[in-house]
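Only one structure is covered here, and it is reproduced in the block below.
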There are 2 protein chains.
Amino acid sequence: MSKEITSRATDYSQWYNDLIIKGSLADYSAVRGCMVIKPYGFALWENMRDVLDRMFKETGHENAYFPLFVPKSLFEAEEKNAEGFAKECAVVTHYRLKGDTENKGKLIVDPEAKLEEELVVRPTSEAIIWNTYKNWIQSYRDLPLLINQWANVVRWEMRTRLFLRTAEFLWQEGHTAHATAEEAVAETVQMLDVYAKFVEEYMAVPVIKGVKTESERFAGAVDTYCIEALMQDGKALQAGTSHFLGQNFAKAFDVKFSDKDNKLDYVWATSWGVSTRLVGALVMAHSDDDGLILPPKIAPLQVVIVPIYKGNDKKDLLDAKGKEFVQQLKAAGIRVKFDNNDNARPGWKFAEYEMKGVPVRIAFGLRDLENNTVEIVRRDTKEKSSISMHGLVENIVKLLDGIQQNIYNKALAYRDSHITKTDSWEEFEKLLDEKGGFIAAHWDGTAETEEAIKEKTKATIRCIPLNNEMEEGKCILTGKPSKQRVLFARAY
Amino acid sequence: MSKEITSRATDYSQWYNDLIIKGSLADYSAVRGCMVIKPYGFALWENMRDVLDRMFKETGHENAYFPLFVPKSLFEAEEKNAEGFAKECAVVTHYRLKGDTENKGKLIVDPEAKLEEELVVRPTSEAIIWNTYKNWIQSYRDLPLLINQWANVVRWEMRTRLFLRTAEFLWQEGHTAHATAEEAVAETVQMLDVYAKFVEEYMAVPVIKGVKTESERFAGAVDTYCIEALMQDGKALQAGTSHFLGQNFAKAFDVKFSDKDNKLDYVWATSWGVSTRLVGALVMAHSDDDGLILPPKIAPLQVVIVPIYKGNDKKDLLDAKGKEFVQQLKAAGIRVKFDNNDNARPGWKFAEYEMKGVPVRIAFGLRDLENNTVEIVRRDTKEKSSISMHGLVENIVKLLDGIQQNIYNKALAYRDSHITKTDSWEEFEKLLDEKGGFIAAHWDGTAETEEAIKEKTKATIRCIPLNNEMEEGKCILTGKPSKQRVLFARAY
């Protein structure tokens, strides 16, 4: 193989980078911490985005678009939110460049074009959106307001990783306004469910739904709900968050509505988002040492067909048959490519599509034509079989379903075998170092203990699972009383 | 009517703003020159985007995503491009805010977090993209490279107008690389044709295809092709541009490829874009003094159904029938809404949907139920008719087609009657002031004359039409010899 991938056992982190780069999902860019999403990676994101967008619309949301920039004075308005993001803000201070008189052909920032008020490049849009909602909401008739935005945001992270943590990333952010706290909480939970359904059913990644502790909460939220996934190295990954914002932003931006009895009250809010980070989660959850393994439901390409021949002998026959297959598969709604490119040999192509995680490969040569068979290889298990050309489409449809199910089951079995209960600190540390995964342990409920555990072990409380079992116990670190176990893990 | 619109005759510019705001397409924002695209406006843009995206993919292009920021040193690399956009650049100079010690709860830019190299917020992405292509292109086998990006860009304009000219706007930008000049020119022309087809067939706005003069060319291009549309006030609007970039960017970023004979040469480039500005063009081309008129093919809502009733007498019957219509129309792929909201009266609803430009309104009451009829009103002509409930769907489908055709024909007739030839300077000025539209006049081919005419009349050369008729004549201003007429107009 021309493209060597570092194995997971050798260096998990390098394995991940290799997959992203050699699988053609993304590339590094000239801008610190920003990446280029390549066509193959973007097609994957488009498929994910389209499914999510449909789910948002089915739950009554509409898309809109708000400015990229947030004037500093607005950004400051909700203090906790501002404080939480201040350290990561890219700031526009000038609006013009001019020729450098000392250096021909070079430009400098024009000092005369300094903005009166600096503009923050949005790290999230609550501030600019709630400043707008102020004008849109007067009465209960204007509620609920259910809006989503697909956008780029910028958070100046010091340590970045392709897809997982980049200075600029693409995401969607829902921002809703409601007449009552109950309605807003119901919306928060509904969107968490939408995320969980998407990640499990489409990305084939099982998740745990839960609530964040105060320390891990979104800056400005009353409660942060989350879905947590587990990667193959035993580290957790937060795959999506849904925030109940209470009346915090309504108060910061003075957004009131009159109810049916003409009484004025502040509006209740939610916000929720998932990002291109999900692509990283997808890659790390399923792939192997030979390349990507993509779930059929969102794979840019579901099937690739490779003709096997030497020289040009009867290549026309193979081409004709290949195109016939493409037509049949496309008619069944399958994303398929016929790769009859002469510049590459079948073996090279096999490795290439394996690297790219195409779920099913069909190969056939002249002998197959005579026998009316094709060779099928599924990417997830690498099982090879020879099947009849008759009923090919039906078999492929079934196979794609089977692959989707299989990779989910595999990830689920891994996840389920990596939730470990312990009541001993010694074992807690050992589990983190040797087994990984989620550790269900008692915690005394204080931020101090949470912080102390993080300092000692790098593990954080990923969440308090929804519908958690109540169980008396003693805090794993302090021995103080606890009413329930929470899930600890090292995380991305 | 609750929402008064300024008439076109009174104040065309105010009429336009009224339509955008009261038609719920967009809103002003707290950021100078930036707007909020409201859900109704965004749904319109989504429909436009989806059609264009399909057309791009059908012509072999793939989507990708490149960073929002361009390091200043890259931005400078293609000098003409840099010079052309330098005056409009928003510049990020810092990456952190911190608490203001003198003003509790306020933030200031952290002077210690100054970037070593400033980042330009992309006004267009040639620089960052060609810097990336350098790594992607080695051989003729890597060509052509056909990539499109949907993105936000920022150009710090001093005078802004909703949709037509905003500091931030949404757009798509295609960036392609080719082995020969001929191929690149063919691509440039192909994409111009795609734009023309989209604007004419979907937006129902006739356009003239042409080439820009040197003064109006995109900064860094060898040739800029454009489509020019005419608004109802007689002003022209550039609706899309497609640039042949020659080897300018390949040379600036040192992008070479080896051909089949292993000879190295610089790559040939194109770029092409349309933006949310098209929404402004759409509004100004068709709408009237009662509100928006939207072409059925891209209208967010094609049909609205309003039940007519007093009190709650037999409202159930109307609701049941309305929902039946919705089901039938949706099954035929029609975007339809049944508005049985009790909070508003039919007259208010009629005005509201007229304002929003919904192409067809269906209304029916109890008497209609008995007669098996409904009342239909088309938005473009306001013609009202009573038709049978039987065959309703087929009639609506036909009607929508008819409306699409009619508003195109109307815009075409207006446009065609507003291309005027003249050989007299006096008449030239008079035509601009009194009639407007395109004026076909001779020009001596110099940038000086072009500039002089612009200073005297505010008219610019919109384009030299493709396949222009060759005709000897004398320049309208200088009397110097000319070989063809060019199209002048005042423009948005």
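Ligands are numbered from 1 in the order shown, chains are lettered A, B, ... in the order of the structure tokens, and residues start at 1 in each chain.
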For the contact check between segment 242-297 of chain A and segment 51-65 of chain A, emit one row per residue of segment 242-297 of chain A within 12 Å, containing the shortest atom pair and the distance in Å rounded to one decimal, counting only C-alpha atoms, chain then rising number order, as a tab-separated table.
```
residue	atom	partner	partner_atom	distance
A:Trp272	CA	A:Phe56	CA	11.2
A:Gly273	CA	A:Leu52	CA	10.8
A:Val274	CA	A:Leu52	CA	9.6
A:Ser275	CA	A:Leu52	CA	11.1
A:Lys297	CA	A:Val51	CA	9.8
```
Now that the selection is made, can you save its residues with N, CA and C atoms as a short mmCIF file (atom, residue, chain, number, x, y, z; two decimals), in the first residue's frame?
```cif
data_model
loop_
_atom_site.label_atom_id
_atom_site.label_comp_id
_atom_site.auth_asym_id
_atom_site.auth_seq_id
_atom_site.Cartn_x
_atom_site.Cartn_y
_atom_site.Cartn_z
N TRP A 272 -28.92 24.95 21.50
CA TRP A 272 -28.42 23.58 21.31
C TRP A 272 -27.59 23.53 20.03
N GLY A 273 -26.54 22.70 20.09
CA GLY A 273 -25.66 22.67 18.93
C GLY A 273 -24.88 21.38 18.76
N VAL A 274 -24.62 21.07 17.52
CA VAL A 274 -23.63 20.04 17.18
C VAL A 274 -22.77 20.61 16.06
N SER A 275 -21.57 20.06 15.92
CA SER A 275 -20.61 20.67 15.01
C SER A 275 -19.88 19.62 14.17
N LYS A 297 -25.53 4.89 6.03
CA LYS A 297 -26.58 5.91 5.94
C LYS A 297 -26.05 7.30 5.62
#
```
Proximal residues of chain A relative to chain B (only C-alpha atoms; 6 Å) as a PyMOL selection string: chain A and resi 36-39+42+62-66+86-92+94-97
DSSP alpha helix (DSSP H) residues within segment 188-253 of chain A, listed as a PyMOL selection string: chain A and resi 188-201+248-252
Between atom CA of Ala184 of chain B and atom CA of Arg485 of chain B, distance in Å (one decimal):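 Computing the Euclidean distance for atom CA of Ala184 of chain B and atom CA of Arg485 of chain B yields 27.1 Å.
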Neighbour list for Ile419 of chain A as a list of chain:residue names, cut-off 9 Å, only C-alpha atoms, skip fewer than 4 positions in-chain: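 Counting only C-alpha atoms, the residues come to A:Arg415, A:Gly436, A:Gly437, A:Phe438, A:Ile439, A:Ala440, A:Leu487.
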Atom-to-atom span, atom CA of Lys256 of chain A and atom CA of Thr180 of chain A, Å: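 Going from atom CA of Lys256 of chain A over to atom CA of Thr180 of chain A, I get 11.9 Å.
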List as a PDB file with C-alpha atoms, in the first residue's frame the protein and nucleic acid residues near Ile334 of chain B, meaning an atom at most 9 Å away when only C-alpha atoms are counted, but skip any in the same chain fewer than 6 places from it.
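out-v2.pdb, written as the output of this step:
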```pdb
ATOM      1  CA  LEU B 301     -44.663  28.976   0.041  1.00  0.00           C
ATOM      2  CA  GLN B 302     -46.369  28.446  -3.305  1.00  0.00           C
ATOM      3  CA  VAL B 303     -49.960  28.225  -2.166  1.00  0.00           C
ATOM      4  CA  VAL B 326     -53.014  20.378   1.811  1.00  0.00           C
ATOM      5  CA  GLN B 328     -53.333  16.563  -2.132  1.00  0.00           C
ATOM      6  CA  VAL B 397     -49.887  23.070 -10.978  1.00  0.00           C
TER       7      VAL B 397
END
```
Who sits within 7 Å of segment 142-145 of chain A, only C-alpha atoms, same chain under 6 positions skipped, as a list in words: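 Near neighbours after the sequence-gap exclusion: Thr176, Ala177, His178 and Ala179 of chain A.
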Prev. selection, N, CA and C atoms, output as a PDB file, in the first residue's frame:
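Done, and the output landed in result-v4.pdb:
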```pdb
ATOM      1  N   THR A 176     -34.092  29.068  20.868  1.00  0.00           N
ATOM      2  CA  THR A 176     -35.540  29.144  20.959  1.00  0.00           C
ATOM      3  C   THR A 176     -35.985  29.971  22.157  1.00  0.00           C
ATOM      4  N   ALA A 177     -37.199  30.536  22.025  1.00  0.00           N
ATOM      5  CA  ALA A 177     -37.772  31.376  23.082  1.00  0.00           C
ATOM      6  C   ALA A 177     -39.162  30.858  23.419  1.00  0.00           C
ATOM      7  N   HIS A 178     -39.463  30.791  24.702  1.00  0.00           N
ATOM      8  CA  HIS A 178     -40.714  30.178  25.163  1.00  0.00           C
ATOM      9  C   HIS A 178     -41.388  31.007  26.254  1.00  0.00           C
ATOM     10  N   ALA A 179     -42.687  30.732  26.425  1.00  0.00           N
ATOM     11  CA  ALA A 179     -43.461  31.480  27.421  1.00  0.00           C
ATOM     12  C   ALA A 179     -43.274  30.936  28.839  1.00  0.00           C
TER      13      ALA A 179
END
```
Polymer residues at most 8 Å from Asn340 of chain A, only C-alpha atoms, same-chain spacing of 5 or more positions, as a PyMOL selection string: chain A and resi 306-307+319
Selection near segment 453-460 of chain A, 8 Å with only C-alpha atoms, sequence-local residues under 2 positions removed, as a PyMOL selection string: chain A and resi 429+432+449-451+462+477+488-491
Residue among B:Leu230, B:Thr270, B:Phe364, B:Thr213 lying closest to His175 of chain B, counting only C-alpha atoms: B:Thr270
